[in-house]
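Participant: Pasting start.cif below, which is mmCIF, C-alpha atoms.
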data_data
loop_
_atom_site.group_PDB
_atom_site.id
_atom_site.type_symbol
_atom_site.label_atom_id
_atom_site.label_comp_id
_atom_site.auth_asym_id
_atom_site.auth_seq_id
_atom_site.Cartn_x
_atom_site.Cartn_y
_atom_site.Cartn_z
ATOM 1 C CA MET A 1 0.000 0.000 0.000
ATOM 2 C CA THR A 2 1.404 3.430 -0.919
ATOM 3 C CA LYS A 3 2.105 6.103 1.694
ATOM 4 C CA ARG A 4 -0.758 8.171 0.268
ATOM 5 C CA ARG A 5 -3.215 5.279 0.704
ATOM 6 C CA ILE A 6 -1.928 4.589 4.207
ATOM 7 C CA ALA A 7 -2.399 8.244 5.140
ATOM 8 C CA TYR A 8 -5.913 8.246 3.642
ATOM 9 C CA ALA A 9 -6.832 5.112 5.598
ATOM 10 C CA GLN A 10 -5.509 6.691 8.784
ATOM 11 C CA ILE A 11 -7.620 9.797 8.175
ATOM 12 C CA LEU A 12 -10.762 7.700 7.638
ATOM 13 C CA ALA A 13 -10.064 5.736 10.814
ATOM 14 C CA ALA A 14 -9.545 8.956 12.764
ATOM 15 C CA VAL A 15 -12.793 10.396 11.443
ATOM 16 C CA GLY A 16 -14.639 7.213 12.402
ATOM 17 C CA ILE A 17 -13.209 7.266 15.921
ATOM 18 C CA ALA A 18 -14.047 10.954 16.280
ATOM 19 C CA LEU A 19 -17.613 10.281 15.178
ATOM 20 C CA LEU A 20 -17.975 7.480 17.688
ATOM 21 C CA LEU A 21 -16.655 9.729 20.465
ATOM 22 C CA TRP A 22 -18.951 12.569 19.424
ATOM 23 C CA THR A 23 -22.176 10.577 19.187
ATOM 24 C CA GLY A 24 -21.428 7.716 21.553
ATOM 25 C CA CYS A 25 -22.988 5.391 18.942
ATOM 26 C CA SER A 26 -21.940 3.401 15.909
ATOM 27 C CA PRO A 27 -22.210 5.522 12.736
ATOM 28 C CA LEU A 28 -23.292 2.486 10.715
ATOM 29 C CA ASP A 29 -26.915 2.424 9.546
ATOM 30 C CA LYS A 30 -28.325 -0.777 10.991
ATOM 31 C CA ASN A 31 -32.028 0.037 10.658
ATOM 32 C CA ARG A 32 -34.279 -2.685 9.219
ATOM 33 C CA SER A 33 -37.263 -2.373 6.924
ATOM 34 C CA VAL A 34 -40.083 -4.867 7.488
ATOM 35 C CA ARG A 35 -42.926 -5.547 5.054
ATOM 36 C CA VAL A 36 -46.194 -7.201 6.016
ATOM 37 C CA GLY A 37 -48.507 -7.514 3.023
ATOM 38 C CA GLU A 38 -48.776 -4.041 1.531
ATOM 39 C CA VAL A 39 -47.522 -2.296 4.698
ATOM 40 C CA GLU A 40 -43.860 -1.450 5.228
ATOM 41 C CA PHE A 41 -42.352 -0.013 8.394
ATOM 42 C CA THR A 42 -38.899 0.725 9.804
ATOM 43 C CA MET A 43 -37.272 -0.665 12.922
ATOM 44 C CA VAL A 44 -34.560 1.650 14.253
ATOM 45 C CA TYR A 45 -31.447 0.019 15.676
ATOM 46 C CA VAL A 46 -30.784 1.165 19.250
ATOM 47 C CA GLU A 47 -27.218 0.640 20.407
ATOM 48 C CA GLY A 48 -27.044 -0.828 23.914
ATOM 49 C CA GLY A 49 -25.750 1.278 26.760
ATOM 50 C CA THR A 50 -26.181 2.551 30.288
ATOM 51 C CA PHE A 51 -28.434 5.428 31.340
ATOM 52 C CA VAL A 52 -30.120 6.890 34.404
ATOM 53 C CA MET A 53 -33.832 6.086 34.467
ATOM 54 C CA GLY A 54 -36.407 8.157 36.329
ATOM 55 C CA CYS A 55 -36.768 11.766 37.469
ATOM 56 C CA THR A 56 -33.451 13.145 36.208
ATOM 57 C CA ASP A 57 -32.357 16.799 36.269
ATOM 58 C CA GLU A 58 -33.806 17.871 32.895
ATOM 59 C CA GLN A 59 -37.301 17.131 34.222
ATOM 60 C CA ASN A 60 -36.949 20.235 36.412
ATOM 61 C CA GLY A 61 -38.822 18.610 39.263
ATOM 62 C CA ASP A 62 -41.998 18.017 37.204
ATOM 63 C CA CYS A 63 -42.182 14.440 38.426
ATOM 64 C CA TRP A 64 -44.506 12.138 40.310
ATOM 65 C CA HIS A 65 -43.277 10.059 43.239
ATOM 66 C CA PHE A 66 -43.454 6.875 41.130
ATOM 67 C CA GLU A 67 -40.696 8.224 38.844
ATOM 68 C CA GLU A 68 -38.247 7.933 41.744
ATOM 69 C CA PRO A 69 -35.702 6.900 42.773
ATOM 70 C CA CYS A 70 -33.406 7.491 39.797
ATOM 71 C CA HIS A 71 -31.453 4.336 39.073
ATOM 72 C CA GLU A 72 -28.862 3.156 36.589
ATOM 73 C CA VAL A 73 -29.935 0.717 33.884
ATOM 74 C CA THR A 74 -27.796 -1.122 31.340
ATOM 75 C CA LEU A 75 -29.493 -2.435 28.196
ATOM 76 C CA SER A 76 -28.488 -4.787 25.398
ATOM 77 C CA PRO A 77 -29.051 -3.637 21.786
ATOM 78 C CA PHE A 78 -32.563 -3.800 20.346
ATOM 79 C CA TYR A 79 -34.708 -2.356 17.570
ATOM 80 C CA MET A 80 -37.437 0.199 18.273
ATOM 81 C CA ALA A 81 -40.161 0.991 15.736
ATOM 82 C CA GLU A 82 -39.711 4.346 14.009
ATOM 83 C CA THR A 83 -43.414 5.076 14.584
ATOM 84 C CA GLU A 84 -46.344 3.914 16.626
ATOM 85 C CA VAL A 85 -48.198 0.985 15.074
ATOM 86 C CA THR A 86 -50.460 2.441 12.414
ATOM 87 C CA GLN A 87 -54.016 1.454 11.651
ATOM 88 C CA ALA A 88 -52.855 0.146 8.273
ATOM 89 C CA LEU A 89 -50.458 -2.309 9.930
ATOM 90 C CA TRP A 90 -52.949 -3.364 12.597
ATOM 91 C CA ARG A 91 -55.627 -4.066 9.985
ATOM 92 C CA GLU A 92 -53.148 -5.992 7.806
ATOM 93 C CA VAL A 93 -52.272 -8.258 10.734
ATOM 94 C CA MET A 94 -55.589 -8.476 12.607
ATOM 95 C CA GLY A 95 -58.145 -7.955 9.827
ATOM 96 C CA SER A 96 -59.986 -5.211 11.724
ATOM 97 C CA ASN A 97 -59.533 -1.658 12.996
ATOM 98 C CA PRO A 98 -60.741 -0.791 16.524
ATOM 99 C CA SER A 99 -59.718 2.896 16.380
ATOM 100 C CA HIS A 100 -61.949 5.837 17.238
ATOM 101 C CA PHE A 101 -60.119 8.193 14.845
ATOM 102 C CA VAL A 102 -59.867 6.429 11.482
ATOM 103 C CA GLY A 103 -57.033 6.739 8.957
ATOM 104 C CA ASP A 104 -54.314 4.436 7.618
ATOM 105 C CA SER A 105 -51.462 6.736 8.753
ATOM 106 C CA LEU A 106 -52.943 7.420 12.172
ATOM 107 C CA PRO A 107 -51.748 5.387 15.150
ATOM 108 C CA VAL A 108 -54.051 2.537 16.065
ATOM 109 C CA GLU A 109 -55.796 3.221 19.379
ATOM 110 C CA ASN A 110 -58.630 1.977 21.528
ATOM 111 C CA VAL A 111 -56.574 -1.177 22.117
ATOM 112 C CA SER A 112 -55.924 -2.898 25.435
ATOM 113 C CA TRP A 113 -52.658 -4.464 26.553
ATOM 114 C CA ASN A 114 -54.263 -7.847 25.925
ATOM 115 C CA ASP A 115 -55.209 -6.778 22.382
ATOM 116 C CA CYS A 116 -51.647 -5.651 21.772
ATOM 117 C CA MET A 117 -50.209 -8.971 22.911
ATOM 118 C CA ALA A 118 -52.507 -10.793 20.485
ATOM 119 C CA PHE A 119 -51.319 -8.462 17.709
ATOM 120 C CA VAL A 120 -47.653 -9.056 18.562
ATOM 121 C CA ASP A 121 -48.167 -12.828 18.613
ATOM 122 C CA SER A 122 -49.836 -12.747 15.195
ATOM 123 C CA LEU A 123 -47.131 -10.495 13.762
ATOM 124 C CA CYS A 124 -44.353 -12.789 15.015
ATOM 125 C CA LYS A 125 -46.012 -15.837 13.475
ATOM 126 C CA ARG A 126 -46.531 -14.061 10.172
ATOM 127 C CA THR A 127 -43.020 -12.618 9.836
ATOM 128 C CA GLY A 128 -40.863 -15.102 11.764
ATOM 129 C CA LEU A 129 -39.288 -12.128 13.579
ATOM 130 C CA ARG A 130 -39.014 -11.559 17.329
ATOM 131 C CA PHE A 131 -41.337 -8.638 17.988
ATOM 132 C CA ALA A 132 -42.522 -7.605 21.453
ATOM 133 C CA LEU A 133 -43.854 -4.701 23.442
ATOM 134 C CA PRO A 134 -40.955 -2.667 24.838
ATOM 135 C CA THR A 135 -39.992 -2.921 28.460
ATOM 136 C CA GLU A 136 -40.260 0.363 30.323
ATOM 137 C CA ALA A 137 -36.471 0.584 30.366
ATOM 138 C CA GLN A 138 -36.192 0.044 26.602
ATOM 139 C CA TRP A 139 -38.933 2.587 26.000
ATOM 140 C CA GLU A 140 -37.364 5.277 28.195
ATOM 141 C CA TYR A 141 -33.846 4.720 26.857
ATOM 142 C CA ALA A 142 -35.047 5.089 23.264
ATOM 143 C CA ALA A 143 -37.251 8.079 24.123
ATOM 144 C CA ARG A 144 -34.233 9.802 25.675
ATOM 145 C CA GLY A 145 -32.243 9.260 22.472
ATOM 146 C CA GLY A 146 -30.214 6.244 23.552
ATOM 147 C CA CYS A 147 -26.463 6.791 23.405
ATOM 148 C CA SER A 148 -27.074 9.925 21.285
ATOM 149 C CA SER A 149 -29.161 11.544 24.024
ATOM 150 C CA ARG A 150 -29.091 15.320 24.364
ATOM 151 C CA HIS A 151 -31.008 15.060 27.651
ATOM 152 C CA TYR A 152 -34.260 16.651 26.580
ATOM 153 C CA LYS A 153 -37.351 16.847 28.766
ATOM 154 C CA TYR A 154 -39.520 15.406 25.994
ATOM 155 C CA SER A 155 -38.505 12.900 23.353
ATOM 156 C CA GLY A 156 -36.412 14.972 20.952
ATOM 157 C CA SER A 157 -36.831 18.495 22.336
ATOM 158 C CA ASP A 158 -37.389 20.713 25.349
ATOM 159 C CA SER A 159 -40.218 22.293 23.362
ATOM 160 C CA ILE A 160 -43.312 20.122 23.727
ATOM 161 C CA ASN A 161 -45.086 21.268 20.560
ATOM 162 C CA ALA A 162 -42.048 20.503 18.382
ATOM 163 C CA VAL A 163 -42.291 16.765 19.038
ATOM 164 C CA ALA A 164 -45.638 15.893 20.633
ATOM 165 C CA TRP A 165 -49.315 16.048 19.748
ATOM 166 C CA ASN A 166 -50.759 16.938 23.140
ATOM 167 C CA GLY A 167 -53.718 18.683 24.720
ATOM 168 C CA ASP A 168 -52.488 22.108 23.626
ATOM 169 C CA ASN A 169 -51.932 21.502 19.887
ATOM 170 C CA SER A 170 -53.788 18.320 18.844
ATOM 171 C CA ARG A 171 -57.208 19.885 18.120
ATOM 172 C CA HIS A 172 -58.785 16.968 20.004
ATOM 173 C CA SER A 173 -57.569 14.191 17.722
ATOM 174 C CA THR A 174 -54.676 11.884 16.947
ATOM 175 C CA HIS A 175 -52.435 12.815 14.012
ATOM 176 C CA ALA A 176 -50.602 10.912 11.291
ATOM 177 C CA VAL A 177 -47.308 9.419 12.459
ATOM 178 C CA ARG A 178 -44.114 11.300 11.529
ATOM 179 C CA GLY A 179 -45.967 14.630 11.579
ATOM 180 C CA LEU A 180 -43.552 16.341 13.979
ATOM 181 C CA GLN A 181 -39.773 16.225 14.365
ATOM 182 C CA PRO A 182 -38.112 12.953 15.496
ATOM 183 C CA ASN A 183 -35.820 12.468 18.456
ATOM 184 C CA GLU A 184 -32.056 11.946 18.343
ATOM 185 C CA LEU A 185 -32.426 8.374 17.053
ATOM 186 C CA GLY A 186 -34.872 9.303 14.286
ATOM 187 C CA ILE A 187 -37.888 7.934 16.200
ATOM 188 C CA TYR A 188 -41.197 9.816 16.017
ATOM 189 C CA ASP A 189 -44.030 10.521 18.468
ATOM 190 C CA MET A 190 -42.503 8.968 21.567
ATOM 191 C CA SER A 191 -43.979 11.981 23.316
ATOM 192 C CA GLY A 192 -47.665 12.561 22.611
ATOM 193 C CA ASN A 193 -50.160 11.277 20.022
ATOM 194 C CA VAL A 194 -51.088 8.073 21.908
ATOM 195 C CA PHE A 195 -49.864 6.446 25.096
ATOM 196 C CA GLU A 196 -47.814 3.350 24.307
ATOM 197 C CA TRP A 197 -48.292 0.098 26.176
ATOM 198 C CA CYS A 198 -45.155 -1.452 27.666
ATOM 199 C CA ALA A 199 -44.564 -5.075 28.610
ATOM 200 C CA ASP A 200 -44.027 -4.506 32.337
ATOM 201 C CA TRP A 201 -46.351 -4.889 35.254
ATOM 202 C CA TYR A 202 -46.354 -1.638 37.215
ATOM 203 C CA ASP A 203 -44.470 -1.255 40.486
ATOM 204 C CA LEU A 204 -42.355 1.358 42.244
ATOM 205 C CA TYR A 205 -38.719 1.618 41.207
ATOM 206 C CA GLU A 206 -35.862 0.013 43.106
ATOM 207 C CA PRO A 207 -32.663 2.068 43.612
ATOM 208 C CA GLU A 208 -30.228 -0.673 42.565
ATOM 209 C CA GLN A 209 -28.427 -0.806 39.229
ATOM 210 C CA GLN A 210 -30.180 -3.173 36.803
ATOM 211 C CA ASN A 211 -29.335 -5.047 33.615
ATOM 212 C CA ASP A 212 -32.091 -5.523 31.013
ATOM 213 C CA PRO A 213 -34.909 -5.235 33.580
ATOM 214 C CA VAL A 214 -38.328 -6.671 32.686
ATOM 215 C CA GLY A 215 -40.361 -5.428 35.663
ATOM 216 C CA PRO A 216 -42.077 -7.437 38.397
ATOM 217 C CA ALA A 217 -43.360 -10.969 37.827
ATOM 218 C CA THR A 218 -46.971 -10.136 38.708
ATOM 219 C CA GLY A 219 -49.194 -7.145 39.304
ATOM 220 C CA ARG A 220 -52.563 -5.508 38.731
ATOM 221 C CA TYR A 221 -51.625 -2.781 36.233
ATOM 222 C CA ARG A 222 -49.573 -2.675 33.027
ATOM 223 C CA THR A 223 -47.507 0.393 32.228
ATOM 224 C CA LEU A 224 -48.048 3.046 29.552
ATOM 225 C CA ARG A 225 -45.571 5.660 28.368
ATOM 226 C CA GLY A 226 -45.288 8.861 26.360
ATOM 227 C CA GLY A 227 -48.471 10.873 26.840
ATOM 228 C CA ALA A 228 -51.242 11.412 24.306
ATOM 229 C CA TRP A 229 -53.265 13.824 22.202
ATOM 230 C CA GLN A 230 -55.555 14.959 25.024
ATOM 231 C CA VAL A 231 -53.176 15.208 28.007
ATOM 232 C CA SER A 232 -50.982 18.006 29.336
ATOM 233 C CA ALA A 233 -47.258 18.409 28.716
ATOM 234 C CA ILE A 234 -46.306 17.031 32.129
ATOM 235 C CA MET A 235 -47.601 13.606 31.047
ATOM 236 C CA CYS A 236 -45.585 13.648 27.781
ATOM 237 C CA ARG A 237 -42.175 13.755 29.481
ATOM 238 C CA VAL A 238 -39.665 10.952 28.877
ATOM 239 C CA SER A 239 -39.766 9.828 32.521
ATOM 240 C CA ASP A 240 -43.535 9.996 33.100
ATOM 241 C CA ARG A 241 -45.315 6.695 33.789
ATOM 242 C CA GLY A 242 -48.908 5.634 33.338
ATOM 243 C CA PHE A 243 -50.491 2.427 34.599
ATOM 244 C CA VAL A 244 -53.928 0.878 34.032
ATOM 245 C CA GLU A 245 -55.469 -2.576 34.009
ATOM 246 C CA PRO A 246 -54.438 -4.625 30.939
ATOM 247 C CA SER A 247 -58.044 -5.032 29.751
ATOM 248 C CA GLU A 248 -58.727 -1.286 29.454
ATOM 249 C CA ARG A 249 -59.265 0.348 26.062
ATOM 250 C CA ASP A 250 -59.315 4.057 25.236
ATOM 251 C CA SER A 251 -58.704 6.353 22.276
ATOM 252 C CA ILE A 252 -55.484 7.478 23.978
ATOM 253 C CA TYR A 253 -53.964 3.954 24.208
ATOM 254 C CA GLY A 254 -51.805 2.597 21.363
ATOM 255 C CA LEU A 255 -48.519 0.757 20.986
ATOM 256 C CA ARG A 256 -45.020 0.699 19.517
ATOM 257 C CA LEU A 257 -42.975 -2.386 18.698
ATOM 258 C CA VAL A 258 -39.522 -3.536 19.674
ATOM 259 C CA MET A 259 -37.626 -6.303 17.904
ATOM 260 C CA LEU A 260 -34.707 -8.316 19.191
ATOM 261 C CA PRO A 261 -31.611 -8.511 16.941
#
Do you think you could lay out the structure here as structure tokens?
Facilitator:
Amino acid sequence: MTKRRIAYAQILAAVGIALLLWTGCSPLDKNRSVRVGEVEFTMVYVEGGTFVMGCTDEQNGDCWHFEEPCHEVTLSPFYMAETEVTQALWREVMGSNPSHFVGDSLPVENVSWNDCMAFVDSLCKRTGLRFALPTEAQWEYAARGGCSSRHYKYSGSDSINAVAWNGDNSRHSTHAVRGLQPNELGIYDMSGNVFEWCADWYDLYEPEQQNDPVGPATGRYRTLRGGAWQVSAIMCRVSDRGFVEPSERDSIYGLRLVMLP
């Protein structure tokens, strides 16, 4: 190899290292496109890492007691859906559309946790891929921007209306996915539009460091994250937690998928 080529290779390596140090993440595009019938959607690769979960400083004290104590969580890599599950995808998989607000590009809503688990099971069987509902830890890590996090109060911004359809800007309805700006990972609507069911049973946090936590083994309520079209900004924060019985349906309840590598 000539000296010029060696120097060029060294420059490229230096740039790659600098990019890794700057973002904290791999610069390689590992996202995956999935097609189910006529519906195509993107799963965003989320590099594993360690973060502080709960009522952290950027929340400015706008927290409920069940967002404490802050605790360190380490996660393995996973894929998070670029958008909430749309009505087009739900109908393709389930053959029906339970939503109150109807439109192919709108997030599916009026679905219970139990409904969502049936959807995930059907989607896995149809595609042969390992889909699931996100754990609370996976959801919050991705909402915060993963290893590219800029420590925003909401998912992608400190300005609620830049990233979230909420009670102040929604005009009393859900909106098409990807209508506002994404967060640091290129994921849309993790704040606002519809609450997103998570896999976990609800319980108070423990202070200890955790690796790939999945929540308690049993409980009464399942968790919801992200806020929705009719709620205030305080409920759209990245650390806010909701919890209801897994059989409940409402036009503010939807879902987002994760997929294991």
Participant: List as a PyMOL selection string: which residues have an atom within 6 Å of (-28.4, 0.6, 33.3), counting only C-alpha atoms?
Facilitator: chain A and resi 50-51+72-74+210-211
Participant: Would you list the residues near (-52.7, 3.4, 16.7) (no more than 10 Å away, in the coordinates of the file, using only C-alpha atoms) as a ChimeraX atom specification?
Facilitator: /A:83-90,97-111,174-177,193-196,251-256
Participant: State, in Å with one decimal place, the distance from atom CA of A:Trp165 to atom CA of A:Asp62.
Facilitator: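 Computing the Euclidean distance for atom CA of A:Trp165 and atom CA of A:Asp62 yields 19.0 Å.
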Participant: From the list A:Val238, A:Val36, A:Gly192, A:Asn183, which residue is nearest A:Cys124 when using all atoms listed in the file?
Facilitator: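 Smallest separation from A:Cys124 among the options: A:Val36.
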Participant: What residues come out when you apply the PyMOL selection byres ((chain A and resi 30) around 12) to this file, written as a VMD selection string?
Facilitator: chain A and resid 25 to 29 31 to 33 42 to 47 77 to 80 185 261
Participant: Using C-alpha atoms, can you write the selected residues to a file as a short mmCIF file (atom, residue, chain, number, x, y, z; two decimals), in the frame of the given file?
Facilitator:
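This went into part31.cif:
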data_model
loop_
_atom_site.label_atom_id
_atom_site.label_comp_id
_atom_site.auth_asym_id
_atom_site.auth_seq_id
_atom_site.Cartn_x
_atom_site.Cartn_y
_atom_site.Cartn_z
CA CYS A 25 -22.99 5.39 18.94
CA SER A 26 -21.94 3.40 15.91
CA PRO A 27 -22.21 5.52 12.74
CA LEU A 28 -23.29 2.49 10.72
CA ASP A 29 -26.92 2.42 9.55
CA ASN A 31 -32.03 0.04 10.66
CA ARG A 32 -34.28 -2.68 9.22
CA SER A 33 -37.26 -2.37 6.92
CA THR A 42 -38.90 0.72 9.80
CA MET A 43 -37.27 -0.66 12.92
CA VAL A 44 -34.56 1.65 14.25
CA TYR A 45 -31.45 0.02 15.68
CA VAL A 46 -30.78 1.16 19.25
CA GLU A 47 -27.22 0.64 20.41
CA PRO A 77 -29.05 -3.64 21.79
CA PHE A 78 -32.56 -3.80 20.35
CA TYR A 79 -34.71 -2.36 17.57
CA MET A 80 -37.44 0.20 18.27
CA LEU A 185 -32.43 8.37 17.05
CA PRO A 261 -31.61 -8.51 16.94
#
Participant: Assuming the chain letters and numbering stay as they are in my file, what does the PyMOL selection byres ((chain A and resi 156) around 9) actually select? List them as a ChimeraX atom specification.
Facilitator: /A:143-145,149-155,157-159,162-163,181-188,190-191
Participant: How many Å separate atom CA of A:Asn161 from atom CA of A:Arg178?
Facilitator: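 Between atom CA of A:Asn161 and atom CA of A:Arg178 the gap works out to 13.5 Å.
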Participant: For each of A:Val34, A:Ala164, A:Ala132, A:Val39, take the minimum atom-to-atom distance to A:Gln230, counting all atoms listed in the file, then give the residue where this is smallest.
Facilitator: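 Of all the options, A:Ala164 lies closest to A:Gln230.
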Participant: Evaluate the PyMOL selection byres ((chain A and resi 220) around 8) on the structure here and hand back the selected residues as an MDAnalysis selection string.
Facilitator: chainID A and resid 201:202 218:219 221:222 245
Participant: What does the structure give for the distance between atom CA of A:Arg237 and atom CA of A:Met53, in Å to one decimal?
Facilitator: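 A separation of 12.4 Å between them.
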Participant: Reconstruct all heavy atoms of stretch 206-215 of chain A; output as a compact mmCIF listing (two decimals), keeping the file's coordinate frame.
Facilitator:
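Writing the result to result-v3.txt gives the following:
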# COMPACT_ATOMS: atom_id res chain seq x y z
N GLU A 206 -36.90 0.37 42.14
CA GLU A 206 -35.86 0.01 43.11
C GLU A 206 -34.62 0.85 42.82
O GLU A 206 -34.36 1.19 41.66
CB GLU A 206 -35.53 -1.47 43.03
CG GLU A 206 -36.69 -2.40 43.33
CD GLU A 206 -37.10 -2.36 44.79
OE1 GLU A 206 -36.27 -1.94 45.62
OE2 GLU A 206 -38.25 -2.75 45.08
N PRO A 207 -33.82 1.20 43.84
CA PRO A 207 -32.66 2.07 43.61
C PRO A 207 -31.45 1.37 43.01
O PRO A 207 -30.54 2.03 42.50
CB PRO A 207 -32.34 2.58 45.02
CG PRO A 207 -32.81 1.48 45.93
CD PRO A 207 -34.04 0.92 45.26
N GLU A 208 -31.43 0.05 42.98
CA GLU A 208 -30.23 -0.67 42.56
C GLU A 208 -30.02 -0.61 41.05
O GLU A 208 -30.98 -0.49 40.28
CB GLU A 208 -30.31 -2.14 42.99
CG GLU A 208 -30.24 -2.38 44.48
CD GLU A 208 -31.58 -2.14 45.17
OE1 GLU A 208 -32.60 -2.03 44.45
OE2 GLU A 208 -31.59 -2.07 46.42
N GLN A 209 -28.77 -0.71 40.64
CA GLN A 209 -28.43 -0.81 39.23
C GLN A 209 -29.02 -2.09 38.68
O GLN A 209 -29.05 -3.14 39.34
CB GLN A 209 -26.91 -0.80 39.06
CG GLN A 209 -26.44 -0.60 37.63
CD GLN A 209 -26.38 -1.90 36.82
OE1 GLN A 209 -26.36 -2.99 37.37
NE2 GLN A 209 -26.35 -1.77 35.50
N GLN A 210 -29.52 -2.02 37.40
CA GLN A 210 -30.18 -3.17 36.80
C GLN A 210 -29.68 -3.41 35.38
O GLN A 210 -29.32 -2.46 34.68
CB GLN A 210 -31.69 -2.96 36.77
CG GLN A 210 -32.32 -2.74 38.14
CD GLN A 210 -33.78 -2.35 38.04
OE1 GLN A 210 -34.57 -3.02 37.36
NE2 GLN A 210 -34.16 -1.26 38.69
N ASN A 211 -29.69 -4.66 34.98
CA ASN A 211 -29.34 -5.05 33.62
C ASN A 211 -30.55 -5.64 32.91
O ASN A 211 -31.14 -6.62 33.41
CB ASN A 211 -28.20 -6.07 33.62
CG ASN A 211 -26.91 -5.50 34.18
OD1 ASN A 211 -26.57 -4.36 33.92
ND2 ASN A 211 -26.20 -6.30 34.95
N ASP A 212 -30.95 -5.05 31.80
CA ASP A 212 -32.09 -5.52 31.01
C ASP A 212 -33.30 -5.87 31.88
O ASP A 212 -33.83 -7.00 31.83
CB ASP A 212 -31.68 -6.74 30.17
CG ASP A 212 -30.70 -6.37 29.07
OD1 ASP A 212 -30.90 -5.33 28.41
OD2 ASP A 212 -29.73 -7.13 28.87
N PRO A 213 -33.78 -4.93 32.69
CA PRO A 213 -34.91 -5.24 33.58
C PRO A 213 -36.20 -5.47 32.80
O PRO A 213 -36.44 -4.86 31.76
CB PRO A 213 -35.01 -3.97 34.45
CG PRO A 213 -34.46 -2.88 33.59
CD PRO A 213 -33.34 -3.53 32.81
N VAL A 214 -37.05 -6.34 33.33
CA VAL A 214 -38.33 -6.67 32.69
C VAL A 214 -39.51 -6.38 33.59
O VAL A 214 -40.64 -6.72 33.26
CB VAL A 214 -38.36 -8.15 32.24
CG1 VAL A 214 -37.31 -8.41 31.18
CG2 VAL A 214 -38.17 -9.08 33.44
N GLY A 215 -39.27 -5.75 34.75
CA GLY A 215 -40.36 -5.43 35.66
C GLY A 215 -40.72 -6.60 36.56
O GLY A 215 -40.17 -7.70 36.44
